[in-house]
Each structure stands twice: as C-alpha cells, then as structure tokens.
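Participant: Data file final19.cif (mmCIF, C-alpha atoms) is appended below.
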```cif
data_input
loop_
_atom_site.label_atom_id
_atom_site.label_comp_id
_atom_site.auth_asym_id
_atom_site.auth_seq_id
_atom_site.Cartn_x
_atom_site.Cartn_y
_atom_site.Cartn_z
CA MET A 4 116.62 114.07 79.63
CA PRO A 5 115.86 117.80 79.77
CA SER A 6 113.37 119.25 82.22
CA ALA A 7 110.83 122.02 81.77
CA PRO A 8 110.60 124.96 84.18
CA HIS A 9 107.90 123.15 86.14
CA GLY A 10 110.16 120.13 86.62
CA ARG A 11 108.39 117.84 84.19
CA ARG A 12 110.38 115.31 82.23
CA LEU A 13 110.44 116.18 78.54
CA ASP A 14 111.25 114.03 75.55
CA ALA A 15 114.75 114.47 74.15
CA VAL A 16 113.48 115.31 70.66
CA PRO A 17 113.66 119.12 70.26
CA GLY A 18 110.43 121.01 69.76
CA PRO A 19 106.84 119.83 70.25
CA PHE A 20 105.79 116.60 68.56
CA THR A 21 103.68 116.94 65.40
CA PRO A 22 100.96 114.65 64.01
CA ARG A 23 103.67 112.86 62.02
CA THR A 24 105.99 112.16 64.95
CA PRO A 25 106.19 108.33 65.27
CA ARG A 26 105.16 108.33 68.96
CA VAL A 27 102.08 110.41 68.16
CA VAL A 28 101.24 108.17 65.20
CA ALA A 29 101.57 105.07 67.39
CA ALA A 30 99.41 106.56 70.13
CA ARG A 31 96.74 107.65 67.66
CA ARG A 32 96.36 104.05 66.51
CA LEU A 33 94.97 103.28 69.98
CA GLN A 34 91.71 104.88 68.85
CA ARG A 35 91.11 101.55 67.08
CA ARG A 36 90.03 98.54 69.08
CA ARG A 37 92.33 96.10 67.34
CA ASP A 38 95.36 98.21 68.24
CA ARG A 39 94.20 98.56 71.84
CA GLU A 40 93.87 94.80 72.04
CA SER A 41 97.21 94.05 70.43
CA THR A 42 99.16 96.51 72.59
CA GLY A 43 97.21 96.30 75.85
CA ARG A 44 97.05 100.10 75.92
CA PHE A 45 94.43 102.83 75.52
CA LEU A 46 94.03 106.61 75.59
CA ALA A 47 92.64 108.71 78.44
CA GLU A 48 91.77 112.24 77.45
CA GLY A 49 91.49 115.38 79.55
CA PRO A 50 92.92 116.49 82.92
CA GLN A 51 90.37 114.64 85.06
CA ALA A 52 91.03 111.29 83.41
CA VAL A 53 94.79 111.91 83.48
CA ARG A 54 94.67 112.77 87.19
CA GLU A 55 92.78 109.58 88.05
CA ALA A 56 95.04 107.47 85.84
CA LEU A 57 98.18 108.86 87.47
CA ALA A 58 96.72 108.10 90.89
CA ARG A 59 96.69 104.41 89.95
CA ALA A 60 100.37 103.50 90.08
CA GLY A 61 101.85 101.93 86.96
CA THR A 62 98.90 102.81 84.73
CA VAL A 63 100.20 105.73 82.65
CA VAL A 64 102.84 104.96 80.02
CA GLU A 65 103.22 108.43 78.50
CA LEU A 66 101.60 111.84 78.83
CA PHE A 67 101.10 114.08 75.80
CA GLY A 68 100.19 117.72 76.22
CA THR A 69 100.30 121.06 74.49
CA PRO A 70 102.69 123.55 76.10
CA ALA A 71 99.75 125.63 77.30
CA ALA A 72 97.99 122.62 78.87
CA LEU A 73 101.18 121.39 80.54
CA ASP A 74 101.65 124.83 82.06
CA ARG A 75 98.00 125.02 83.13
CA HIS A 76 98.16 121.55 84.69
CA ALA A 77 101.75 121.66 85.88
CA ASP A 78 100.87 119.54 88.91
CA LEU A 79 99.99 116.62 86.63
CA ALA A 80 103.17 117.04 84.62
CA VAL A 81 105.22 117.02 87.81
CA GLN A 82 103.34 113.98 89.13
CA ALA A 83 104.01 112.13 85.88
CA ALA A 84 107.69 113.04 85.96
CA ARG A 85 108.02 111.82 89.55
CA ALA A 86 106.56 108.50 88.43
CA ASP A 87 109.14 108.35 85.61
CA VAL A 88 106.42 108.79 82.99
CA PRO A 89 107.65 110.59 79.84
CA VAL A 90 105.91 113.92 79.31
CA SER A 91 105.86 114.86 75.63
CA GLU A 92 104.98 118.32 74.36
CA VAL A 93 102.83 118.24 71.22
CA THR A 94 101.47 120.83 68.85
CA ASP A 95 97.80 121.74 68.90
CA GLU A 96 97.41 119.78 65.67
CA ALA A 97 98.98 116.67 67.18
CA LEU A 98 96.80 116.91 70.26
CA ALA A 99 93.72 117.28 68.06
CA ALA A 100 94.75 114.10 66.23
CA LEU A 101 95.06 112.20 69.52
CA ALA A 102 91.83 113.51 71.02
CA GLU A 103 88.35 112.37 70.05
CA THR A 104 86.42 115.36 71.37
CA VAL A 105 85.48 118.52 69.50
CA ALA A 106 87.15 120.80 72.04
CA PRO A 107 90.04 118.84 73.60
CA GLN A 108 91.53 120.05 76.87
CA GLY A 109 95.16 119.65 75.89
CA LEU A 110 96.17 116.42 77.67
CA VAL A 111 96.09 112.78 76.54
CA ALA A 112 97.65 109.88 78.44
CA VAL A 113 98.61 106.49 77.07
CA CYS A 114 97.54 103.94 79.70
CA ARG A 115 97.89 100.22 80.29
CA HIS A 116 94.80 98.00 80.30
CA LEU A 117 93.34 97.52 83.77
CA ASP A 118 91.69 94.09 83.40
CA VAL A 119 91.35 92.01 86.56
CA PRO A 120 90.56 88.27 86.36
CA LEU A 121 87.10 87.35 87.62
CA ASP A 122 88.54 84.84 90.10
CA ALA A 123 90.71 87.55 91.65
CA VAL A 124 87.71 89.87 92.03
CA LEU A 125 85.56 87.21 93.65
CA ALA A 126 88.37 86.25 96.03
CA ARG A 127 88.10 89.75 97.50
CA GLY A 128 84.47 89.15 98.42
CA PRO A 129 82.73 92.08 96.70
CA ARG A 130 79.26 92.86 98.02
CA LEU A 131 78.02 94.73 94.97
CA VAL A 132 78.84 93.96 91.34
CA ALA A 133 77.50 95.29 88.04
CA VAL A 134 77.49 93.04 84.97
CA LEU A 135 77.14 94.67 81.55
CA ALA A 136 75.96 91.84 79.33
CA GLU A 137 76.12 92.39 75.58
CA ILE A 138 75.94 96.19 76.04
CA ARG A 139 77.24 97.81 72.86
CA ASP A 140 76.78 101.53 73.50
CA PRO A 141 80.01 103.00 74.94
CA GLY A 142 78.30 106.04 76.43
CA ASN A 143 75.81 103.90 78.33
CA ALA A 144 78.52 101.50 79.46
CA GLY A 145 80.75 104.29 80.73
CA THR A 146 77.87 105.94 82.56
CA VAL A 147 76.91 102.68 84.27
CA LEU A 148 80.55 102.18 85.23
CA ARG A 149 80.58 105.65 86.78
CA THR A 150 77.34 104.95 88.65
CA ALA A 151 78.61 101.60 89.91
CA ASP A 152 81.70 103.32 91.28
CA ALA A 153 79.58 105.98 92.99
CA ALA A 154 77.33 103.32 94.52
CA GLY A 155 80.34 101.49 95.98
CA ALA A 156 80.43 98.49 93.65
CA GLY A 157 83.54 96.37 93.88
CA ALA A 158 83.66 95.44 90.20
CA VAL A 159 82.11 96.01 86.79
CA ILE A 160 82.07 93.02 84.47
CA PHE A 161 81.87 93.46 80.68
CA ALA A 162 80.42 90.13 79.61
CA GLY A 163 79.95 88.53 76.23
CA ASP A 164 80.01 90.68 73.10
CA ALA A 165 80.06 93.90 75.10
CA VAL A 166 81.63 97.21 74.17
CA ASP A 167 85.34 97.61 74.81
CA PRO A 168 85.68 99.37 78.20
CA TYR A 169 88.73 101.17 76.75
CA ASN A 170 86.74 102.71 73.90
CA GLY A 171 87.38 106.46 74.05
CA LYS A 172 83.72 107.38 74.55
CA CYS A 173 83.36 104.78 77.31
CA VAL A 174 86.50 106.08 79.06
CA ARG A 175 85.19 109.66 78.92
CA ALA A 176 81.69 108.71 80.08
CA SER A 177 83.17 106.93 83.10
CA ALA A 178 84.58 110.31 84.25
CA GLY A 179 87.61 108.67 85.84
CA SER A 180 85.72 105.78 87.46
CA LEU A 181 87.40 103.34 85.07
CA PHE A 182 90.50 103.80 87.23
CA HIS A 183 88.65 103.26 90.54
CA VAL A 184 86.87 99.90 90.25
CA ASP A 185 87.96 96.45 89.16
CA VAL A 186 87.17 95.97 85.47
CA VAL A 187 86.61 92.40 84.30
CA ARG A 188 86.15 91.20 80.72
CA ALA A 189 84.60 87.78 80.31
CA ALA A 190 83.60 85.98 77.13
CA GLU A 191 80.78 83.80 78.52
CA PRO A 192 78.01 85.64 80.40
CA VAL A 193 76.35 82.43 81.63
CA ALA A 194 79.66 81.28 83.11
CA VAL A 195 79.96 84.67 84.83
CA VAL A 196 76.56 84.19 86.45
CA ALA A 197 77.53 80.71 87.63
CA ALA A 198 80.78 82.04 89.14
CA LEU A 199 78.98 84.89 90.89
CA ARG A 200 76.43 82.54 92.43
CA ALA A 201 79.14 80.09 93.48
CA ALA A 202 80.87 82.99 95.26
CA GLY A 203 77.74 83.63 97.29
CA LEU A 204 76.26 86.60 95.45
CA THR A 205 72.58 86.84 94.64
CA VAL A 206 72.26 87.48 90.91
CA LEU A 207 69.42 89.78 89.86
CA ALA A 208 68.49 90.28 86.21
CA THR A 209 66.90 93.59 85.25
CA THR A 210 64.01 93.38 82.82
CA GLY A 211 60.86 95.39 82.23
CA TYR A 212 58.91 92.14 82.41
CA GLY A 213 60.39 90.86 85.64
CA ASP A 214 58.23 88.99 88.11
CA SER A 215 59.87 90.75 91.08
CA ASP A 216 59.35 94.43 91.83
CA LEU A 217 62.40 96.41 93.00
CA ASP A 218 60.40 98.17 95.70
CA ASP A 219 59.11 94.86 97.04
CA LEU A 220 62.62 93.40 97.18
CA THR A 221 63.83 96.48 99.02
CA ASP A 222 60.98 96.42 101.53
CA ALA A 223 61.52 92.71 102.17
CA GLY A 224 65.22 93.27 102.93
CA ARG A 225 66.34 91.04 100.09
CA LEU A 226 68.93 93.53 98.84
CA ALA A 227 70.96 93.44 102.05
CA ALA A 228 72.91 90.39 100.85
CA PRO A 229 75.88 90.51 98.43
CA THR A 230 74.34 91.17 95.03
CA ALA A 231 75.29 91.18 91.37
CA TRP A 232 73.05 93.09 88.97
CA LEU A 233 72.76 92.03 85.33
CA PHE A 234 72.13 94.84 82.84
CA GLY A 235 71.43 94.26 79.15
CA SER A 236 71.42 96.51 76.12
CA GLU A 237 68.71 99.13 75.74
CA ALA A 238 67.75 97.79 72.32
CA HIS A 239 67.54 94.07 73.11
CA GLY A 240 67.62 93.65 76.88
CA LEU A 241 69.19 90.61 78.48
CA PRO A 242 69.51 87.32 76.59
CA GLU A 243 66.93 84.79 77.73
CA GLU A 244 69.56 82.35 78.98
CA LEU A 245 70.84 85.01 81.39
CA THR A 246 67.46 85.92 82.83
CA ALA A 247 66.82 82.21 83.31
CA ALA A 248 70.15 81.73 85.11
CA ALA A 249 69.57 84.60 87.55
CA ASP A 250 68.10 84.19 91.02
CA ALA A 251 65.34 86.70 90.24
CA ARG A 252 64.12 88.84 87.36
CA VAL A 253 63.54 92.37 88.62
CA ARG A 254 61.59 95.26 87.14
CA VAL A 255 61.93 98.88 88.20
CA PRO A 256 58.42 100.17 89.03
CA LEU A 257 57.11 102.98 86.83
CA HIS A 258 54.76 105.21 88.80
CA GLY A 259 54.11 107.70 86.02
CA ARG A 260 53.27 107.39 82.35
CA ALA A 261 56.80 106.83 81.00
CA GLU A 262 57.09 103.64 78.98
CA SER A 263 60.48 102.78 80.40
CA LEU A 264 63.77 104.04 81.83
CA ASN A 265 66.93 104.14 79.81
CA LEU A 266 69.71 101.76 80.77
CA ALA A 267 71.81 104.23 82.74
CA ALA A 268 68.84 105.47 84.77
CA ALA A 269 67.60 101.95 85.55
CA ALA A 270 71.10 100.89 86.57
CA ALA A 271 71.39 103.88 88.91
CA VAL A 272 68.08 103.07 90.59
CA CYS A 273 69.02 99.41 91.10
CA LEU A 274 72.60 99.97 92.24
CA TYR A 275 71.64 102.66 94.72
CA ALA A 276 68.83 100.52 96.10
CA SER A 277 71.46 97.87 96.84
CA ALA A 278 73.93 100.43 98.17
CA ARG A 279 71.37 101.73 100.65
CA ALA A 280 70.39 98.24 101.77
CA LEU A 281 74.01 97.19 102.22
CA ARG A 282 74.73 100.22 104.40
CA ARG A 283 71.59 100.15 106.50
CA PRO A 284 72.24 99.55 110.24
CA ALA A 285 71.91 95.84 110.89
CA GLY A 286 71.84 95.70 114.66
CA PRO A 287 71.78 97.57 117.94
CA ARG A 288 75.48 98.47 117.68
CA GLY A 289 74.83 100.36 114.44
CA HIS A 290 77.09 98.23 112.25
CA THR A 291 76.14 98.37 108.61
CA ALA A 292 75.86 95.42 106.31
CA GLY A 293 77.96 97.11 103.64
CA GLU A 294 81.01 98.30 105.51
CA SER A 295 83.22 96.18 103.26
CA ALA A 296 81.37 96.85 100.02
CA GLY A 297 83.64 97.82 97.20
#
```
Would you put the structure from the file into structure tokens?
Facilitator:
Amino acid sequence: MPSAPHGRRLDAVPGPFTPRTPRVVAARRLQRRRDRESTGRFLAEGPQAVREALARAGTVVELFGTPAALDRHADLAVQAARADVPVSEVTDEALAALAETVAPQGLVAVCRHLDVPLDAVLARGPRLVAVLAEIRDPGNAGTVLRTADAAGAGAVIFAGDAVDPYNGKCVRASAGSLFHVDVVRAAEPVAVVAALRAAGLTVLATTGYGDSDLDDLTDAGRLAAPTAWLFGSEAHGLPEELTAAADARVRVPLHGRAESLNLAAAAAVCLYASARALRRPAGPRGHTAGESAG
C-alpha cells in the first residue's frame, strides 16, 4: 500500500477516486437510512467530526478526502493511517457527492454505528440521561445530543419512532458529541421509562402544562438525585402515556411574554439545572453529588 508524503495510507487504485468509483458509490448510499441500517455504518462529515470519530477507537472504517483537505488536515490522515484506516483521495466532485452540506470541508469518514444496549448503560449507573421520545427533527435531536454531552449526561436515548441518530443533519448538529456519549435506540418508550425507574433514576417529563415548576424543583433540591429527562417533539410534545408514566411533569417557567421555548432551548435549561444540582457541594467536605455523572 503506497504512502503519501505525510505518511497517510493511500488506496492502491491510482489517482483520486471519482463519483463513479465503487467505494464512493457505496459510501454515498449511506445518506439513506435503509442503507445505514443494513450496513451498520454512517457518514461523518468535516474535520471536527472526523477528529472526534478517530478518537473513539474502532469507529472509523474509511476516510475520504480531497488532496487539498488531506494536506490541510495531515494530522488526521496520519492518525487514521496509524489506526490502519484506509485513507482514500477523492476528486472535488466525489467529495461533493459524499457530503450533504453546501460548502463541504473536504473530509468524510465512514463510521460504524455506536449503539449501546440500554441495560449496559444502566449498569454503569448514569446520573443524568436524556430521552428523545418520538423526536423527528434531526437538527433538534443533534442539538439536544450536543447539549446533553456538554451538561455531563451519561447517555442519550432515541426512543420510539425517533429520528435516526446517524442522519447526516443530526450528526452535524451534534458537533462531535455523538462520539462522546452512549447512544441508545429503543423501540418502546414506555418500557424505557420503566427501565430507568427500576434503575433508580427519577424520570421527569417536560411539558408546557406540567404541574411542577422547574424552579420549584431546583429550589427544593429534587434535582440532586439521578435523573432522566423526557423530551418530546416540538410539534406534538410527549405522548400522554409517557407523561403519565413519569415521576413528575415539569414545565419551564416563562418570565417574559414568549409563548414557549423551542425544544433545544428547553432541553438546555432542564439539563443544566440537573447538572448544577448534581455538582453542588453536598456536605462539609465539599464532595459534589455529581462527581460520577456521565
């Protein structure tokens, strides 16, 4: 296998791959959900996503890049080569076919799915979990995933008929956080709630009509326990059976004249309220309740 000047492993086929090269054609099919599901693979676009994917051992299957991008991000090409990941040069046209953005940054990685079974997540004793129930919008889902990561959540659960976490827009909106937290996909949201409660987490359902106020829960210290937050779609909210199964139905207080918060903003407020409570000093020795969160 030949090597480039920067030490990256290059494919044996001479010249950059084109849009018609079989490996490019196969990778492009991963833009479709059915092909992601059948192969267990997805695409991560751009240097930030590629860097985070490479940092998670065994995740990247192949790295495609234009010659200019591989030179500009030679450190990533070298890192991939050291991990025995094929680095394939592609034409600008081939890269444009693989990318889903208007102005691609020259790198696309083929990655393995990252799913973790719910039982395995709960066995690790997470103290903060986000559940995306029936959320269809990939941008919202990816943003909540990113926020959950920033708040120190141990897992993000895509429950029911939720968007595919490996949808290209969701991957991009997560800004690399997809590779940081445990991602769970579960078909039955009510069963997820039951499993979370059995594992000792308090399950809180977010709804604009909740009978519990987030500020009141915070002031009462009720967020200092291991908590799972349920978030529903912006258009329809949480299904009634989920709000009924939760330990409490929580509304985010609106102090101004706005009618509501969008999903990503509400999730950020709730997750950070929990993050602060979990890390607040719990005793005279200054230990925090959330030292093991995430």
Participant: When the PyMOL selection byres ((chain A and resi 109-113) around 9) is applied to the structure above, which residues does it catch, written out as a PyMOL selection string?
Facilitator: chain A and resi 30+33+44-50+52-53+56+62-73+76+95+98-99+101-102+106-108+114-115
Participant: Output the residue selection produced by the PyMOL selection byres ((chain A and resi 207-215) around 9) on the file above, formatted as a ChimeraX atom specification.
Facilitator: /A:205-206,216-220,230-235,240-241,245-256,263,269-270,273
Participant: Selected residues, C-alpha atoms, written as a CSV table (one decimal), in the coordinates of the input, please.
Facilitator:
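Produced file part.csv, reproduced below:
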```
chain,number,residue,atom,x,y,z
A,205,THR,CA,72.6,86.8,94.6
A,206,VAL,CA,72.3,87.5,90.9
A,216,ASP,CA,59.4,94.4,91.8
A,217,LEU,CA,62.4,96.4,93.0
A,218,ASP,CA,60.4,98.2,95.7
A,219,ASP,CA,59.1,94.9,97.0
A,220,LEU,CA,62.6,93.4,97.2
A,230,THR,CA,74.3,91.2,95.0
A,231,ALA,CA,75.3,91.2,91.4
A,232,TRP,CA,73.0,93.1,89.0
A,233,LEU,CA,72.8,92.0,85.3
A,234,PHE,CA,72.1,94.8,82.8
A,235,GLY,CA,71.4,94.3,79.2
A,240,GLY,CA,67.6,93.6,76.9
A,241,LEU,CA,69.2,90.6,78.5
A,245,LEU,CA,70.8,85.0,81.4
A,246,THR,CA,67.5,85.9,82.8
A,247,ALA,CA,66.8,82.2,83.3
A,248,ALA,CA,70.2,81.7,85.1
A,249,ALA,CA,69.6,84.6,87.6
A,250,ASP,CA,68.1,84.2,91.0
A,251,ALA,CA,65.3,86.7,90.2
A,252,ARG,CA,64.1,88.8,87.4
A,253,VAL,CA,63.5,92.4,88.6
A,254,ARG,CA,61.6,95.3,87.1
A,255,VAL,CA,61.9,98.9,88.2
A,256,PRO,CA,58.4,100.2,89.0
A,263,SER,CA,60.5,102.8,80.4
A,269,ALA,CA,67.6,102.0,85.6
A,270,ALA,CA,71.1,100.9,86.6
A,273,CYS,CA,69.0,99.4,91.1
```
Participant: Scan for residues within 9 Å of the point (80.3, 99.3, 90.0) in the coordinates of the file, using all atoms listed in the file, and reply as a count of residues only.
Facilitator: 24
Participant: Of the candidates A:Val105, A:Asp167, A:Ala86, A:Arg23, which shows the shortest atom-to-atom distance to Arg37 of chain A, using all atoms listed in the file?
Facilitator: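 The closest residue to Arg37 of chain A is A:Asp167.
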Participant: Leaving out Ala267 of chain A and any residue of its chain fewer than 5 positions from it, which residues lie within 8 Å of it when counting all atoms listed in the file, given as number ranges by chain?
Facilitator: A: 143-144, 146-147
Participant: Those same residues - C-alpha atoms - I'd like them written as a PDB file, in the coordinates of the input.
Facilitator:
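File part14.pdb, as written:
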```pdb
ATOM      1  CA  ASN A 143      75.810 103.900  78.330  1.00  0.00           C
ATOM      2  CA  ALA A 144      78.520 101.500  79.460  1.00  0.00           C
ATOM      3  CA  THR A 146      77.870 105.940  82.560  1.00  0.00           C
ATOM      4  CA  VAL A 147      76.910 102.680  84.270  1.00  0.00           C
TER       5      VAL A 147
END
```
Participant: Atom CA of Pro19 of chain A to atom CA of Glu92 of chain A: how many Å, to one decimal?
Facilitator: 4.8 Å
Participant: Starting from the displayed file, determine the output of the PyMOL selection byres ((chain A and resi 78) around 12) and express the residue list as a list in words.
Facilitator: His9, Gly10, Arg11, Pro50, Val53, Arg54, Leu57, Ala72, Leu73, Asp74, Arg75, His76, Ala77, Leu79, Ala80, Val81, Gln82, Ala83, Ala84 and Arg85 of chain A
Participant: So how many Å separate atom CA of Ala201 of chain A and atom CA of Ala228 of chain A, to one decimal?
Facilitator: 14.1 Å
Participant: Calculate how many Å separate atom CA of Thr221 of chain A from atom CA of Arg279 of chain A, rounding to one decimal.
Facilitator: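 Distance between the two atoms: 9.3 Å.
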Participant: Point out the residue among A:Ala194, A:Gly171, A:Arg130, A:Phe161 with the least atom-to-atom distance to Ala278 of chain A, counting all atoms listed in the file.
Facilitator: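 With all atoms listed in the file as the atom set, the closest residue is A:Arg130.
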Participant: Closest to Leu281 of chain A among A:Gly163, A:Gly179, A:Val174, A:Arg225, using all atoms listed in the file?
Facilitator: A:Arg225
Participant: Using all atoms listed in the file, find the one residue out of A:Val187, A:Val166, A:Tyr275, A:Ile138 that sits nearest to Leu125 of chain A.
Facilitator: A:Val187
Participant: Could you tell me, as a PyMOL selection string, which residues have any atom at most 10 Å from (86.6, 86.0, 87.4), counting only C-alpha atoms?
Facilitator: chain A and resi 119-126+160+187-189+194-195+198-199
